[in-house]
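Pasted below: target.pdb, PDB, C-alpha atoms.
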ATOM      1  CA  MET A  19     -52.478  -5.558-127.669
ATOM      2  CA  ARG A  20     -49.405  -3.339-127.803
ATOM      3  CA  ASN A  21     -49.591  -0.404-125.393
ATOM      4  CA  TRP A  22     -48.477   2.193-127.936
ATOM      5  CA  LEU A  23     -51.075   1.316-130.565
ATOM      6  CA  ARG A  24     -54.019   3.205-129.033
ATOM      7  CA  PRO A  25     -52.162   6.492-128.270
ATOM      8  CA  ALA A  26     -50.501   6.262-131.691
ATOM      9  CA  LEU A  27     -53.939   5.963-133.315
ATOM     10  CA  GLY A  28     -55.077   9.083-131.452
ATOM     11  CA  GLY A  29     -51.934  10.954-132.522
ATOM     12  CA  VAL A  30     -52.359   9.967-136.176
ATOM     13  CA  ALA A  31     -56.030  10.979-136.030
ATOM     14  CA  PHE A  32     -55.277  14.437-134.618
ATOM     15  CA  ALA A  33     -52.459  14.947-137.148
ATOM     16  CA  MET A  34     -54.777  13.965-140.010
ATOM     17  CA  LEU A  35     -57.487  16.305-138.734
ATOM     18  CA  LEU A  36     -55.004  19.203-138.426
ATOM     19  CA  VAL A  37     -54.004  18.717-142.070
ATOM     20  CA  GLY A  38     -57.685  18.224-142.932
ATOM     21  CA  SER A  39     -58.662  21.527-141.325
ATOM     22  CA  TRP A  40     -55.905  23.324-143.236
ATOM     23  CA  LEU A  41     -57.061  21.696-146.494
ATOM     24  CA  ALA A  42     -60.675  22.623-145.749
ATOM     25  CA  LEU A  43     -59.987  26.226-144.784
ATOM     26  CA  SER A  44     -57.401  27.223-147.358
ATOM     27  CA  TRP A  45     -56.957  24.614-150.090
ATOM     28  CA  ALA A  46     -60.465  23.465-151.049
ATOM     29  CA  PRO A  47     -62.303  25.698-153.521
ATOM     30  CA  PRO A  48     -65.315  27.751-152.341
ATOM     31  CA  ASP A  49     -68.775  26.573-153.382
ATOM     32  CA  ARG A  50     -70.396  28.209-156.415
ATOM     33  CA  GLU A  51     -73.476  29.327-154.467
ATOM     34  CA  MET A  52     -72.652  29.011-150.763
ATOM     35  CA  GLY A  53     -69.199  30.541-151.153
ATOM     36  CA  ASP A  54     -66.843  30.003-148.229
ATOM     37  CA  VAL A  55     -69.469  28.968-145.642
ATOM     38  CA  GLN A  56     -69.643  25.599-147.416
ATOM     39  CA  ARG A  57     -66.261  24.858-145.751
ATOM     40  CA  ILE A  58     -68.269  23.934-142.631
ATOM     41  CA  MET A  59     -69.258  20.769-144.539
ATOM     42  CA  TYR A  60     -65.787  19.249-143.999
ATOM     43  CA  VAL A  61     -66.388  18.950-140.252
ATOM     44  CA  HIS A  62     -70.211  18.794-140.143
ATOM     45  CA  VAL A  63     -70.733  15.854-142.528
ATOM     46  CA  PRO A  64     -67.962  13.537-141.165
ATOM     47  CA  SER A  65     -69.122  14.264-137.577
ATOM     48  CA  VAL A  66     -72.654  13.099-138.432
ATOM     49  CA  TRP A  67     -71.298  10.068-140.330
ATOM     50  CA  MET A  68     -69.258   9.055-137.269
ATOM     51  CA  ALA A  69     -72.285   9.513-134.997
ATOM     52  CA  LEU A  70     -74.338   7.191-137.235
ATOM     53  CA  LEU A  71     -71.484   4.674-137.378
ATOM     54  CA  ALA A  72     -71.051   4.710-133.586
ATOM     55  CA  VAL A  73     -74.754   4.154-132.875
ATOM     56  CA  THR A  74     -74.778   1.367-135.487
ATOM     57  CA  LEU A  75     -71.990  -0.324-133.508
ATOM     58  CA  ASN A  76     -74.049   0.244-130.356
ATOM     59  CA  PHE A  77     -77.032  -1.442-132.042
ATOM     60  CA  ALA A  78     -74.944  -4.438-133.146
ATOM     61  CA  CYS A  79     -73.446  -4.867-129.663
ATOM     62  CA  SER A  80     -76.878  -4.566-128.040
ATOM     63  CA  VAL A  81     -78.402  -7.254-130.286
ATOM     64  CA  LEU A  82     -75.419  -9.547-129.730
ATOM     65  CA  TYR A  83     -75.517  -8.990-125.968
ATOM     66  CA  LEU A  84     -79.072 -10.331-125.791
ATOM     67  CA  PHE A  85     -77.835 -13.580-127.383
ATOM     68  CA  LYS A  86     -74.364 -13.933-125.845
ATOM     69  CA  ASN A  87     -74.563 -12.116-122.458
ATOM     70  CA  SER A  88     -70.958 -10.919-122.799
ATOM     71  CA  TRP A  89     -69.839  -8.049-120.567
ATOM     72  CA  LYS A  90     -67.372  -6.999-123.212
ATOM     73  CA  LEU A  91     -70.261  -6.429-125.621
ATOM     74  CA  ASP A  92     -72.097  -4.431-122.966
ATOM     75  CA  ALA A  93     -68.993  -2.289-122.362
ATOM     76  CA  LEU A  94     -68.559  -1.720-126.103
ATOM     77  CA  ALA A  95     -72.231  -0.745-126.417
ATOM     78  CA  GLU A  96     -71.808   1.814-123.619
ATOM     79  CA  ALA A  97     -68.628   3.222-125.200
ATOM     80  CA  SER A  98     -70.082   3.508-128.705
ATOM     81  CA  ALA A  99     -73.279   5.198-127.481
ATOM     82  CA  GLU A 100     -71.365   7.886-125.587
ATOM     83  CA  VAL A 101     -69.030   8.550-128.527
ATOM     84  CA  GLY A 102     -72.067   8.625-130.846
ATOM     85  CA  VAL A 103     -73.697  11.289-128.676
ATOM     86  CA  VAL A 104     -70.490  13.390-128.704
ATOM     87  CA  PHE A 105     -70.206  13.267-132.512
ATOM     88  CA  GLY A 106     -73.962  13.704-132.957
ATOM     89  CA  ALA A 107     -74.040  16.803-130.744
ATOM     90  CA  VAL A 108     -71.061  18.293-132.605
ATOM     91  CA  GLY A 109     -72.587  17.464-136.006
ATOM     92  CA  VAL A 110     -75.991  18.948-135.173
ATOM     93  CA  THR A 111     -74.400  22.092-133.660
ATOM     94  CA  LEU A 112     -72.231  22.673-136.725
ATOM     95  CA  GLY A 113     -75.190  22.049-139.025
ATOM     96  CA  SER A 114     -77.161  24.612-137.076
ATOM     97  CA  ILE A 115     -74.366  27.191-137.494
ATOM     98  CA  TRP A 116     -74.185  26.404-141.233
ATOM     99  CA  GLY A 117     -77.953  26.851-141.448
ATOM    100  CA  ARG A 118     -77.832  30.483-140.292
ATOM    101  CA  PRO A 119     -76.040  31.992-143.346
ATOM    102  CA  THR A 120     -77.621  29.578-145.865
ATOM    103  CA  TRP A 121     -81.221  29.154-144.641
ATOM    104  CA  GLY A 122     -81.467  32.302-142.530
ATOM    105  CA  VAL A 123     -82.204  30.378-139.302
ATOM    106  CA  TYR A 124     -80.188  28.335-136.832
ATOM    107  CA  TRP A 125     -82.958  25.792-136.388
ATOM    108  CA  THR A 126     -86.126  24.690-138.131
ATOM    109  CA  TRP A 127     -88.280  21.608-137.536
ATOM    110  CA  ASP A 128     -87.308  20.100-140.853
ATOM    111  CA  PRO A 129     -87.512  16.234-141.117
ATOM    112  CA  ARG A 130     -83.718  15.757-141.155
ATOM    113  CA  LEU A 131     -83.081  18.096-138.216
ATOM    114  CA  THR A 132     -85.994  16.740-136.210
ATOM    115  CA  THR A 133     -84.966  13.088-136.627
ATOM    116  CA  ALA A 134     -81.347  13.987-135.741
ATOM    117  CA  ALA A 135     -82.594  15.733-132.573
ATOM    118  CA  ILE A 136     -84.680  12.643-131.708
ATOM    119  CA  MET A 137     -81.542  10.501-132.057
ATOM    120  CA  LEU A 138     -79.599  12.737-129.662
ATOM    121  CA  VAL A 139     -82.395  12.723-127.066
ATOM    122  CA  SER A 140     -82.825   8.921-127.402
ATOM    123  CA  TYR A 141     -79.156   8.126-126.840
ATOM    124  CA  ALA A 142     -78.856  10.705-124.042
ATOM    125  CA  GLY A 143     -81.764   8.803-122.435
ATOM    126  CA  TYR A 144     -79.928   5.522-123.043
ATOM    127  CA  LEU A 145     -76.847   6.860-121.230
ATOM    128  CA  ALA A 146     -79.020   8.216-118.398
ATOM    129  CA  LEU A 147     -80.663   4.786-118.025
ATOM    130  CA  ARG A 148     -77.250   3.191-117.675
ATOM    131  CA  ARG A 149     -76.453   5.597-114.834
ATOM    132  CA  PHE A 150     -79.690   4.965-112.947
ATOM    133  CA  VAL A 151     -79.767   1.146-112.910
ATOM    134  CA  GLU A 152     -77.303  -0.328-110.396
ATOM    135  CA  ASP A 153     -77.679  -4.049-111.079
ATOM    136  CA  PRO A 154     -75.218  -4.684-113.978
ATOM    137  CA  GLU A 155     -77.197  -7.514-115.552
ATOM    138  CA  ARG A 156     -80.515  -5.705-115.431
ATOM    139  CA  ARG A 157     -78.837  -2.547-116.723
ATOM    140  CA  ALA A 158     -77.256  -4.407-119.644
ATOM    141  CA  VAL A 159     -80.535  -6.056-120.707
ATOM    142  CA  TRP A 160     -82.672  -2.933-120.332
ATOM    143  CA  SER A 161     -80.186  -0.703-122.133
ATOM    144  CA  ALA A 162     -79.823  -3.265-124.951
ATOM    145  CA  VAL A 163     -83.593  -3.163-125.488
ATOM    146  CA  VAL A 164     -83.631   0.666-125.380
ATOM    147  CA  ALA A 165     -80.712   0.769-127.847
ATOM    148  CA  ILE A 166     -82.574  -1.446-130.323
ATOM    149  CA  ILE A 167     -85.667   0.773-130.100
ATOM    150  CA  ALA A 168     -83.583   3.984-130.412
ATOM    151  CA  TYR A 169     -81.869   2.649-133.545
ATOM    152  CA  VAL A 170     -85.171   2.650-135.450
ATOM    153  CA  ASP A 171     -84.617   6.410-135.891
ATOM    154  CA  VAL A 172     -81.241   6.009-137.669
ATOM    155  CA  PRO A 173     -82.455   4.801-141.099
ATOM    156  CA  ILE A 174     -85.201   7.441-140.873
ATOM    157  CA  ILE A 175     -82.502  10.134-140.454
ATOM    158  CA  TRP A 176     -80.670   8.847-143.526
ATOM    159  CA  TYR A 177     -83.726   8.643-145.778
ATOM    160  CA  SER A 178     -85.622  11.671-144.353
ATOM    161  CA  VAL A 179     -84.295  13.964-147.103
ATOM    162  CA  LYS A 180     -85.594  11.541-149.762
ATOM    163  CA  TRP A 181     -88.915  10.601-148.161
ATOM    164  CA  TRP A 182     -90.118  14.113-147.275
ATOM    165  CA  LYS A 183     -89.742  17.621-148.667
ATOM    166  CA  SER A 184     -86.756  18.777-146.665
ATOM    167  CA  LEU A 185     -84.927  22.078-146.405
ATOM    168  CA  HIS A 186     -81.794  19.996-145.865
ATOM    169  CA  GLN A 187     -80.164  18.977-149.122
ATOM    170  CA  VAL A 188     -80.163  15.380-150.397
ATOM    171  CA  GLN A 189     -76.880  13.415-150.081
ATOM    172  CA  SER A 190     -74.424  14.594-152.767
ATOM    173  CA  SER A 191     -72.749  12.213-155.190
ATOM    174  CA  PRO A 192     -68.975  12.422-155.860
ATOM    175  CA  LYS A 193     -69.921  12.594-159.557
ATOM    176  CA  THR A 194     -71.533  16.017-159.096
ATOM    177  CA  VAL A 195     -69.004  17.519-156.665
ATOM    178  CA  ASP A 196     -65.601  19.083-157.415
ATOM    179  CA  PRO A 197     -62.918  16.337-157.002
ATOM    180  CA  ASP A 198     -60.921  18.629-154.679
ATOM    181  CA  MET A 199     -63.942  18.911-152.384
ATOM    182  CA  VAL A 200     -64.438  15.120-152.439
ATOM    183  CA  PHE A 201     -60.766  14.581-151.537
ATOM    184  CA  VAL A 202     -60.891  16.989-148.557
ATOM    185  CA  LEU A 203     -64.179  15.477-147.325
ATOM    186  CA  ARG A 204     -62.766  11.935-147.535
ATOM    187  CA  TRP A 205     -59.509  12.981-145.832
ATOM    188  CA  ASN A 206     -61.407  14.513-142.910
ATOM    189  CA  ALA A 207     -63.770  11.529-142.733
ATOM    190  CA  LEU A 208     -60.768   9.165-142.549
ATOM    191  CA  GLY A 209     -59.147  11.281-139.823
ATOM    192  CA  LEU A 210     -62.383  11.366-137.859
ATOM    193  CA  LEU A 211     -62.826   7.587-138.305
ATOM    194  CA  ALA A 212     -59.393   7.113-136.718
ATOM    195  CA  LEU A 213     -60.347   9.497-133.894
ATOM    196  CA  MET A 214     -63.697   7.756-133.364
ATOM    197  CA  THR A 215     -61.898   4.376-133.130
ATOM    198  CA  PHE A 216     -59.479   5.903-130.593
ATOM    199  CA  PHE A 217     -62.393   7.344-128.580
ATOM    200  CA  ILE A 218     -64.407   4.105-128.546
ATOM    201  CA  TRP A 219     -61.341   2.049-127.699
ATOM    202  CA  SER A 220     -60.415   4.376-124.801
ATOM    203  CA  ARG A 221     -64.003   4.573-123.523
ATOM    204  CA  TYR A 222     -64.360   0.762-123.798
ATOM    205  CA  ARG A 223     -61.388   0.294-121.459
ATOM    206  CA  ILE A 224     -63.031   2.609-118.921
ATOM    207  CA  ALA A 225     -66.365   0.752-119.201
ATOM    208  CA  LEU A 226     -64.633  -2.605-118.764
ATOM    209  CA  ARG A 227     -62.775  -1.296-115.701
ATOM    210  CA  ASP A 228     -66.146  -0.190-114.259
ATOM    211  CA  ARG A 229     -67.590  -3.716-114.784
ATOM    212  CA  GLU A 230     -64.571  -5.207-113.007
ATOM    213  CA  ARG A 231     -65.112  -2.841-110.074
ATOM    214  CA  GLU A 232     -68.754  -3.907-109.884
ATOM    215  CA  LEU A 233     -67.673  -7.547-109.779
ATOM    216  CA  ALA A 234     -65.406  -6.718-106.868
ATOM    217  CA  LEU A 235     -68.405  -5.390-104.910
ATOM    218  CA  PRO A 236     -70.458  -8.521-104.092
ATOM    219  CA  GLU A 237     -73.282  -6.504-102.504
ATOM    220  CA  ALA A 238     -73.860  -4.650-105.781
ATOM    221  CA  VAL A 239     -74.556  -7.876-107.659
ATOM    222  CA  ALA A 240     -77.072 -10.587-106.858
ATOM    223  CA  PRO A 241     -75.347 -13.947-106.062
ATOM    224  CA  ALA A 242     -76.950 -15.661-109.073
ATOM    225  CA  ASN A 243     -75.460 -13.077-111.417
ATOM    226  CA  THR A 244     -71.947 -13.141-109.997
ATOM    227  CA  ALA A 245     -71.120 -16.582-111.368
ATOM    228  CA  GLN A 246     -72.449 -15.644-114.790
ATOM    229  CA  MET A 247     -70.388 -12.441-114.864
ATOM    230  CA  GLN A 248     -67.221 -14.260-113.872
ATOM    231  CA  ALA A 249     -67.898 -16.951-116.445
ATOM    232  CA  SER A 250     -68.338 -14.344-119.196
ATOM    233  CA  GLY A 251     -64.835 -13.073-118.528
ATOM    234  CA  ALA A 252     -65.366  -9.483-117.375
ATOM    235  CA  ALA A 253     -62.885 -10.020-114.537
ATOM    236  CA  ARG A 254     -60.100 -10.988-116.906
TER     237      ARG A 254
ATOM    238  CA  MET B   4     -80.425  40.177-184.746
ATOM    239  CA  LYS B   5     -83.430  38.337-183.289
ATOM    240  CA  SER B   6     -81.969  34.919-184.127
ATOM    241  CA  ALA B   7     -78.626  35.893-182.584
ATOM    242  CA  LEU B   8     -80.416  36.855-179.359
ATOM    243  CA  ILE B   9     -82.330  33.552-179.338
ATOM    244  CA  LEU B  10     -79.059  31.678-179.907
ATOM    245  CA  LEU B  11     -77.428  33.545-177.014
ATOM    246  CA  LEU B  12     -80.350  32.776-174.680
ATOM    247  CA  ALA B  13     -80.271  29.111-175.737
ATOM    248  CA  GLN B  14     -76.552  28.914-174.966
ATOM    249  CA  GLN B  15     -77.105  30.467-171.561
ATOM    250  CA  ALA B  16     -79.944  28.056-170.792
ATOM    251  CA  THR B  17     -77.689  25.034-171.351
ATOM    252  CA  ASP B  18     -74.820  26.544-169.351
ATOM    253  CA  PRO B  19     -75.052  25.107-165.758
ATOM    254  CA  ALA B  20     -73.872  28.456-164.361
ATOM    255  CA  HIS B  21     -77.057  30.114-165.650
ATOM    256  CA  ARG B  22     -79.446  27.301-164.803
ATOM    257  CA  VAL B  23     -79.481  28.034-161.082
ATOM    258  CA  GLY B  24     -79.706  31.279-159.177
ATOM    259  CA  ALA B  25     -76.794  33.614-159.756
ATOM    260  CA  GLY B  26     -76.730  34.676-156.070
ATOM    261  CA  ARG B  27     -73.738  33.666-154.011
ATOM    262  CA  ILE B  28     -73.236  33.979-150.264
ATOM    263  CA  GLU B  29     -70.362  36.339-149.584
ATOM    264  CA  GLY B  30     -68.198  36.229-146.459
ATOM    265  CA  GLY B  31     -69.529  34.282-143.490
ATOM    266  CA  TRP B  32     -66.071  33.529-142.088
ATOM    267  CA  GLU B  33     -67.324  34.166-138.553
ATOM    268  CA  TYR B  34     -69.578  31.101-138.936
ATOM    269  CA  ILE B  35     -66.694  29.041-140.307
ATOM    270  CA  TRP B  36     -64.305  29.995-137.482
ATOM    271  CA  ALA B  37     -67.041  29.337-134.888
ATOM    272  CA  SER B  38     -67.687  25.875-136.369
ATOM    273  CA  TYR B  39     -64.022  24.850-136.426
ATOM    274  CA  ALA B  40     -63.500  26.248-132.903
ATOM    275  CA  ILE B  41     -66.445  24.209-131.574
ATOM    276  CA  PHE B  42     -65.278  21.096-133.443
ATOM    277  CA  TRP B  43     -61.709  21.277-132.126
ATOM    278  CA  SER B  44     -62.786  22.239-128.598
ATOM    279  CA  ALA B  45     -65.168  19.259-128.424
ATOM    280  CA  MET B  46     -62.549  16.789-129.715
ATOM    281  CA  ILE B  47     -59.829  18.054-127.346
ATOM    282  CA  LEU B  48     -62.157  18.226-124.319
ATOM    283  CA  TYR B  49     -63.459  14.691-124.885
ATOM    284  CA  THR B  50     -59.875  13.401-125.268
ATOM    285  CA  LEU B  51     -59.021  15.119-121.972
ATOM    286  CA  PHE B  52     -62.124  13.606-120.346
ATOM    287  CA  LEU B  53     -61.066  10.105-121.449
ATOM    288  CA  TRP B  54     -57.473  10.655-120.353
ATOM    289  CA  LEU B  55     -58.529  11.776-116.863
ATOM    290  CA  ARG B  56     -60.727   8.660-116.489
ATOM    291  CA  ARG B  57     -58.147   6.215-117.891
ATOM    292  CA  PRO B  58     -57.975   2.864-116.037
ATOM    293  CA  GLU B  59     -54.241   3.305-115.294
ATOM    294  CA  ARG B  60     -55.009   6.479-113.293
ATOM    295  CA  ASN B  61     -58.059   5.043-111.433
ATOM    296  CA  PRO B  62     -57.452   1.278-111.201
TER     297      PRO B  62
END
Please rewrite the model in this file as structure tokens.
Amino acid sequence: MRNWLRPALGGVAFAMLLVGSWLALSWAPPDREMGDVQRIMYVHVPSVWMALLAVTLNFACSVLYLFKNSWKLDALAEASAEVGVVFGAVGVTLGSIWGRPTWGVYWTWDPRLTTAAIMLVSYAGYLALRRFVEDPERRAVWSAVVAIIAYVDVPIIWYSVKWWKSLHQVQSSPKTVDPDMVFVLRWNALGLLALMTFFIWSRYRIALRDRERELALPEAVAPANTAQMQASGAAR
Amino acid sequence: MKSALILLLAQQATDPAHRVGAGRIEGGWEYIWASYAIFWSAMILYTLFLWLRRPERNP
């Protein structure tokens, strides 16, 4: 892969988000009822979308790891979980700030907010588990199982506003939203998708480097596992 | 007079602007600035975190 591609992706993402923030703060029209505070949507909603996308990638990698035992899949699972937690924490924080002027409170134990909080705690636990287990193979298997269990919460987050009476609004449709608002939301979502790809890609390289270091420390890995790790190509 | 009033009320009832509450949140820019500041700070700090841990720096 060309060396300039990853930094260029990060640069494009930041440039898109700069334009996106300008569009959101000064170009997009204010909401009929929420007025200007609705402008928080342009960073809150894409952040949560990216968090859900990242943990979905983590789920896919975790399932595949259990079948293929590839260290690259394990590294990608680690990277996507951490990036998912970053975007999830940002999304929940911004939603909480938006809640204060619109609902009157920063936090309430509403189904959508509660399930989002459960997701954050679950994936923070997943990352903590990865830190505590030293044996790479055991760590990869255990964290894959935890990731699959944690993912059960994700569809519940998405449908929580439809299944239960929620203070949080139901997903909007582009048909009922001002086209200018839809454009700004999509622009920011595209910019954040580029940034999320840059983050996962960068974090994946770090995770892969860590696996290679572990391979170089024979005492950290049981002899039976070493051959399997080398065969799966982590040292390449 | 009465029918004109009924007609006016009927028109207002079908107008989406009158169907929902007329209240609108005014101001709130401090919340907006706080949100964008947190968003940008988080993105820049995480980029910095990744850059400091890059494999080229710590092979």
Original post:
Can you list, as a list in words, every protein, DNA or RNA residue that comes within 8 Å of stretch 20-29 of chain A when you count all atoms listed in the file, leaving out same-chain residues fewer than 3 positions away?
Top reply: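 So the residues in contact are Phe32, Ala33, Ala212, Leu213, Phe216, Trp219 and Ser220 of chain A.
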Subject >> atom CA of A:Asp128 to atom CA of A:Ser184, straight-line distance in Å >> reply: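 Interatomic distance here is 6.0 Å.
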**OP:** Starting from chain B, keep only residues with some atom at most 8 Å from an atom of chain A, counting all atoms listed in the file, and report them as an NGL selection string.
**Re:** :B and (25-32 or 34-35 or 38-39 or 41-42 or 45 or 50 or 53 or 56-58 or 62)
At a cut-off of 6 Å around the point (-74.4, -6.0, -121.5) (file coordinates), what residues fall inside when counting all atoms listed in the file? I'd like the answer as a CSV table (one decimal) with C-alpha atoms, in the frame of the given file.
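Listing of result.csv after writing:
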chain,number,residue,atom,x,y,z
A,83,TYR,CA,-75.5,-9.0,-126.0
A,89,TRP,CA,-69.8,-8.0,-120.6
A,91,LEU,CA,-70.3,-6.4,-125.6
A,92,ASP,CA,-72.1,-4.4,-123.0
A,158,ALA,CA,-77.3,-4.4,-119.6
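If you look at atom CA of A:Ala72 and atom CA of A:Val37, they are 23.6 Å away from each other.
Against the coordinates shown, the PyMOL selection byres ((chain A and resi 78) around 10) returns Ala72, Val73, Thr74, Leu75, Asn76, Phe77, Cys79, Ser80, Val81, Leu82, Tyr83, Leu91, Leu94, Ala95, Ala162, Ala165, Ile166 and Tyr169 of chain A.
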